[in-house]
Amino acid sequence: MAGRLSAQLVILVLVVASCNVFGKSSVLVHYNFDDQLLQPGPDTYRVFKKGGSKVAISYDIAQSGAAALHFSERAFDDDFVEFQGVFPPQTSGRLSVEFGFLITDQEGVFNFALVGANKYRLGPNGINFWLLYDGEWLRSYSNSIPIKVFQPQTFQWYTVRADLDLDRQSYSLRLIDERGAVVFSQLDLILAPGRHPMHGVLEYSFVGDIYDRQPTDLLIDNFSVTTSNNVVPEPLIAPGRKQLFVDRWKTYQEGALSKLQCLPAKDLNDFSIGIEDLVEILHTSQMEVLLGLTGDAPPIFASDSKKLHPALRALQYWRKSCALLSADNPAAAETQIDRALAIAPNAFIFQLTRIIIRASDLSVADVFVDISNLDQEDMRKDIALAMVMFHQRAAGKEGQLEFPLLSDDLTDGLQALTVEHRREIAKPETALVVERLKPFMPDEWEAYLSWYLALEQQYFQLLGAGDYQQAGQFADEVAERFTALALPAGLWRERAGDAALLQNLPELALQHYQVVNQEELRYGIELKLSDVYFLLGDFDKERHFRESVYTNFDQQ
Amino acid sequence: MTRTRWMLVLLLFVYSSAGFGLTAQETAAVDGMIDTSSHWLSEEKIDAIQSLGPAIIPHILDRYSTSDDQQQAKLAGLLSELGWQSEEAAKVLLWDIKTPDETLRINIQYALGNLSSNPVIVQSLLDNMRNDENPLIRDKAACALSNNQVYLTMRQRYPLLRGLVDGLSDPKAQVRKISIKALKIHTGQKMGFLADADPQARNAAIQRWQAWLDDYQRNL
């Protein structure tokens, strides 16, 4: 199981035991906006802005050094400016946040928040710390109440120092003016959503008026987040990110192809274990069981599962199911996973596991439809498809691979469709679901679905077999056919590019991705292009494509 | 007549004859987008209408005043999606806040808070949440109070929160449930309130909410 999951749990255990074994403090985030190379990305930060709004490095006014970050935005421009970033999740210990701010417009509004996995809503694991300037007062949320802090003056630098005690769910706040005078100081404020047994923090955000009613004109400088925990941040292997696309794919694929087996869980959300479950697990002293069931070691099953928290019972059924699947006993594995699903029917990993277990009995069409219909966007869906297709081929169920042919009737039917309808039926989520496909193709839907399914199946069989060269050639050929039929070929061009990247052929991947990028906007292709340019050593283009998704600051 | 008055007359003439600053083709295009949509407008159409700016609102309100319930529901949804502050639009929709048509009423409830911070809106929604005969309308009024009051200031939010805390004492269990749900969305907390608990336990939690409200008010 992923080490990240275990690490989360180790932190939780530290909370249970109320251990104060933190080493020296670690800096999680530090920006003074002066001279360091600032690289946005999925594992660092990004900027949101639109139209005339700006989030810019400004050399006009700085709190210290040469530069500060300047947010400017008009009201009612249909958006708000934001500087948002991530750091390793913190669930215990003390967290210190410090930054300088200066407003140039008394009516300008801004917010600063530290949030957990539930992101931007007040509540456990959501917004934990929230500072708001409402055009009159700087306020800080405590126990869901926006308490008054201070009325800042324009063109004066103020320093905010907040020390969060995640174990006690409280914080202290100080505001210091530019002469060094403490203009506000309060200890023991309750965290923004009130006293809840646990709070996680993993993201920060500076944002204008979230309702877009007021303008924003603000500078910030010397922003840092520090933890009392001894954290060694995972290094970035490329600008702004800790893994490339191929690394993520290979991490999941590793070991997944030898036989049908469970795919690893990513985090507790995979099991639908929420914060409230965790609190109950903590209170009933069952954290050790949770650790035992989610660690890398073989699981230790509780002798009397009736006493377990339902989420743990479900987790135990899942582990048993995985063990039975590995022991080639899919029937018994199915019984166990059904028990897990009876407790947590929406748990992504349970749903995926059930499809994998039943793959031997299901038709290829059912496997594709079932996996396509899983709500979560997750690379493990493709890995599961590859594994299942590979397994079915190895079991000799699918026979010799031949390029799926298209009948004349179906060709005519496709050519009669409007461009809009062709665009729609080229998507797997439409093509593979009868009730979605039928309205577009009342007569030929069955023939089209069979053809489309055969294409998907063949691609994933080759990918599953690790035959990336064949998978790439096949995807390329399908893309040509799609183009000839005036069907959008972006998905297949992207797949051809993915296969090339998996073969360590970035030049070839580039050719495919470039076509997609020019012809059809596909979500996430820019980051793959950025990966390719990184591998090719073209760092300007790497930056260009990364920053087209993870926007960087403007330069003033 | 003074020069200023002439200017005013001229401006009024231009304003009315040119469809409030829009060309006839533009308003016709908007009409086409509205008429060719069944129950709601697609994102692309909303974006296209949005690109014309708030000058289109009077035209939408004109259409609203001469439409049937189904069309009005669609137009209320459109105004909500456009999200421009408009006291005039809020006033027009408020007339229909008690309309018997369910869909129209729900759409109006959702739209109002996206159009104005007029305190009448919060009071009307609280009234629907507490007193409407239809539980679905009550539920959707609570949703609108939870999520759609985008123009309220901190001070204007207080009567809304107080109304929700009052809803915790409602004799109808459903009203108590939707009130605490809305409070949780606003504050992230329940303060131990369970809608189905015995009255004594509920009262204890309501006391906690009252104390919290007092704290909130002190900080305004």
# chains A, B, ... in the order shown; residues from 1 in each chain; ligands from 1

call {"tool": "closest_atom_pairs", "arguments": {"of": "chain B", "to": "chain A", "cutoff": "6 Å", "atoms": "only C-alpha atoms", "output": "Markdown table"}}
result
| residue | atom | partner | partner_atom | distance |
| --- | --- | --- | --- | --- |
| B:Val150 | CA | A:Tyr211 | CA | 5.8 |
| B:Thr187 | CA | A:Ser144 | CA | 5.0 |
| B:Gly188 | CA | A:Gly123 | CA | 3.9 |
| B:Tyr216 | CA | A:Ile145 | CA | 5.6 |
| B:Asn219 | CA | A:Ile147 | CA | 5.4 |

call {"tool": "select_by_dssp", "arguments": {"residues": "range 223-297 of chain A", "states": "alpha helix (DSSP H)", "output": "list of chain:residue names"}}
result
A:Phe245, A:Val246, A:Asp247, A:Arg248, A:Trp249, A:Lys250, A:Thr251, A:Tyr252, A:Gln253, A:Ile275, A:Glu276, A:Asp277, A:Leu278, A:Val279, A:Glu280, A:Ile281, A:Leu282, A:His283, A:Met287, A:Glu288, A:Val289, A:Leu290, A:Leu291, A:Gly292, A:Leu293, A:Thr294

call {"tool": "closest_residue", "arguments": {"among": "B:His39, B:Lys91, B:His186, B:His59", "to": "Ala24 in chain B", "atoms": "only C-alpha atoms"}}
result
B:His59

call {"tool": "closest_residue", "arguments": {"among": "A:Leu102, A:Phe539, A:Thr551, A:Val109", "to": "Lys54 in chain A", "atoms": "only C-alpha atoms"}}
result
A:Thr551

call {"tool": "atom_distance", "arguments": {"atom1": "CA of Thr216 in chain A", "atom2": "CA of Leu52 in chain B"}}
result
24.1 Å

call {"tool": "residues_around", "arguments": {"residues": "Val86 in chain A", "least_positions_apart": "6", "cutoff": "10 Å", "atoms": "only C-alpha atoms", "output": "list in words"}}
result
Leu28, Val29, Gly41, Pro42, Asp43, Thr44, Tyr45, Arg46, Leu114, Val115, Val201, Leu202, Glu203, Tyr204 and Ser205 of chain A

call {"tool": "residues_around", "arguments": {"residues": "range 100-106 of chain B", "least_positions_apart": "6", "cutoff": "8 Å", "atoms": "only C-alpha atoms", "output": "list in words"}}
result
Asp69, Gln70, Gln72, Ala73, Lys74, Ala76, Ile137, Lys140 and Ala141 of chain B

call {"tool": "residues_around", "arguments": {"residues": "Trp249 in chain A", "least_positions_apart": "5", "cutoff": "12 Å", "atoms": "only C-alpha atoms", "output": "JSON, numbers by chain"}}
result
{"A": [243, 244, 254, 255, 256, 378, 379, 380, 381, 382, 383, 384, 386, 463, 464, 466, 498, 499, 501, 502]}

call {"tool": "atom_distance", "arguments": {"atom1": "CA of Glu444 in chain A", "atom2": "CA of Val367 in chain A"}}
result
21.7 Å

call {"tool": "residues_around", "arguments": {"residues": "Ile176 in chain A", "least_positions_apart": "5", "cutoff": "7 Å", "atoms": "only C-alpha atoms", "output": "MDAnalysis selection string"}}
result
chainID A and resid 158:160 181:183

call {"tool": "atom_distance", "arguments": {"atom1": "CA of Tyr151 in chain B", "atom2": "CA of Tyr110 in chain B"}}
result
13.3 Å

call {"tool": "residues_around", "arguments": {"residues": "Val30 in chain B", "least_positions_apart": "4", "cutoff": "10 Å", "atoms": "only C-alpha atoms", "output": "PDB file with N, CA, C and O atoms, in the first residue's frame"}}
result
ATOM      1  N   ALA B  24     -30.747  45.566 -32.150  1.00  0.00           N
ATOM      2  CA  ALA B  24     -31.901  44.684 -32.352  1.00  0.00           C
ATOM      3  C   ALA B  24     -31.436  43.254 -32.630  1.00  0.00           C
ATOM      4  O   ALA B  24     -32.070  42.280 -32.192  1.00  0.00           O
ATOM      5  N   GLN B  25     -30.317  43.136 -33.351  1.00  0.00           N
ATOM      6  CA  GLN B  25     -29.813  41.783 -33.646  1.00  0.00           C
ATOM      7  C   GLN B  25     -29.405  41.068 -32.362  1.00  0.00           C
ATOM      8  O   GLN B  25     -29.613  39.871 -32.209  1.00  0.00           O
ATOM      9  N   GLU B  26     -28.785  41.836 -31.453  1.00  0.00           N
ATOM     10  CA  GLU B  26     -28.325  41.216 -30.203  1.00  0.00           C
ATOM     11  C   GLU B  26     -29.509  40.719 -29.369  1.00  0.00           C
ATOM     12  O   GLU B  26     -29.497  39.599 -28.857  1.00  0.00           O
ATOM     13  N   ILE B  34     -33.010  31.860 -25.826  1.00  0.00           N
ATOM     14  CA  ILE B  34     -33.996  31.527 -24.784  1.00  0.00           C
ATOM     15  C   ILE B  34     -35.052  30.587 -25.366  1.00  0.00           C
ATOM     16  O   ILE B  34     -35.386  29.557 -24.770  1.00  0.00           O
ATOM     17  N   ASP B  35     -35.557  30.940 -26.551  1.00  0.00           N
ATOM     18  CA  ASP B  35     -36.676  30.171 -27.107  1.00  0.00           C
ATOM     19  C   ASP B  35     -36.275  28.763 -27.542  1.00  0.00           C
ATOM     20  O   ASP B  35     -37.106  27.872 -27.564  1.00  0.00           O
ATOM     21  N   THR B  36     -35.011  28.586 -27.905  1.00  0.00           N
ATOM     22  CA  THR B  36     -34.598  27.252 -28.358  1.00  0.00           C
ATOM     23  C   THR B  36     -34.102  26.377 -27.208  1.00  0.00           C
ATOM     24  O   THR B  36     -33.655  25.258 -27.433  1.00  0.00           O
ATOM     25  N   LYS B  45     -24.609  29.208 -24.069  1.00  0.00           N
ATOM     26  CA  LYS B  45     -25.578  30.286 -24.285  1.00  0.00           C
ATOM     27  C   LYS B  45     -25.484  31.318 -23.163  1.00  0.00           C
ATOM     28  O   LYS B  45     -25.551  32.530 -23.421  1.00  0.00           O
ATOM     29  N   ILE B  46     -25.321  30.841 -21.948  1.00  0.00           N
ATOM     30  CA  ILE B  46     -25.203  31.791 -20.830  1.00  0.00           C
ATOM     31  C   ILE B  46     -23.962  32.667 -21.014  1.00  0.00           C
ATOM     32  O   ILE B  46     -24.017  33.884 -20.824  1.00  0.00           O
ATOM     33  N   ALA B  48     -22.591  33.458 -23.807  1.00  0.00           N
ATOM     34  CA  ALA B  48     -22.844  34.382 -24.923  1.00  0.00           C
ATOM     35  C   ALA B  48     -23.692  35.560 -24.437  1.00  0.00           C
ATOM     36  O   ALA B  48     -23.408  36.720 -24.778  1.00  0.00           O
ATOM     37  N   ILE B  49     -24.692  35.273 -23.618  1.00  0.00           N
ATOM     38  CA  ILE B  49     -25.553  36.357 -23.110  1.00  0.00           C
ATOM     39  C   ILE B  49     -24.757  37.232 -22.143  1.00  0.00           C
ATOM     40  O   ILE B  49     -24.858  38.460 -22.153  1.00  0.00           O
ATOM     41  N   LEU B  52     -22.777  40.184 -23.355  1.00  0.00           N
ATOM     42  CA  LEU B  52     -23.474  41.431 -23.709  1.00  0.00           C
ATOM     43  C   LEU B  52     -23.513  42.424 -22.541  1.00  0.00           C
ATOM     44  O   LEU B  52     -23.843  43.595 -22.730  1.00  0.00           O
ATOM     45  N   ILE B  56     -28.481  43.774 -20.851  1.00  0.00           N
ATOM     46  CA  ILE B  56     -29.497  42.837 -21.341  1.00  0.00           C
ATOM     47  C   ILE B  56     -30.598  42.594 -20.296  1.00  0.00           C
ATOM     48  O   ILE B  56     -31.676  42.085 -20.616  1.00  0.00           O
ATOM     49  N   HIS B  59     -34.226  43.736 -20.929  1.00  0.00           N
ATOM     50  CA  HIS B  59     -34.878  42.939 -21.972  1.00  0.00           C
ATOM     51  C   HIS B  59     -35.357  41.598 -21.406  1.00  0.00           C
ATOM     52  O   HIS B  59     -36.475  41.153 -21.713  1.00  0.00           O
ATOM     53  N   ILE B  60     -34.531  40.976 -20.579  1.00  0.00           N
ATOM     54  CA  ILE B  60     -34.941  39.693 -19.968  1.00  0.00           C
ATOM     55  C   ILE B  60     -36.162  39.914 -19.073  1.00  0.00           C
ATOM     56  O   ILE B  60     -37.100  39.116 -19.073  1.00  0.00           O
TER      57      ILE B  60
END

call {"tool": "closest_residue", "arguments": {"among": "B:Leu82, B:Leu145, B:Ala204, B:Ala90", "to": "Pro159 in chain B", "atoms": "only C-alpha atoms"}}
result
B:Leu145
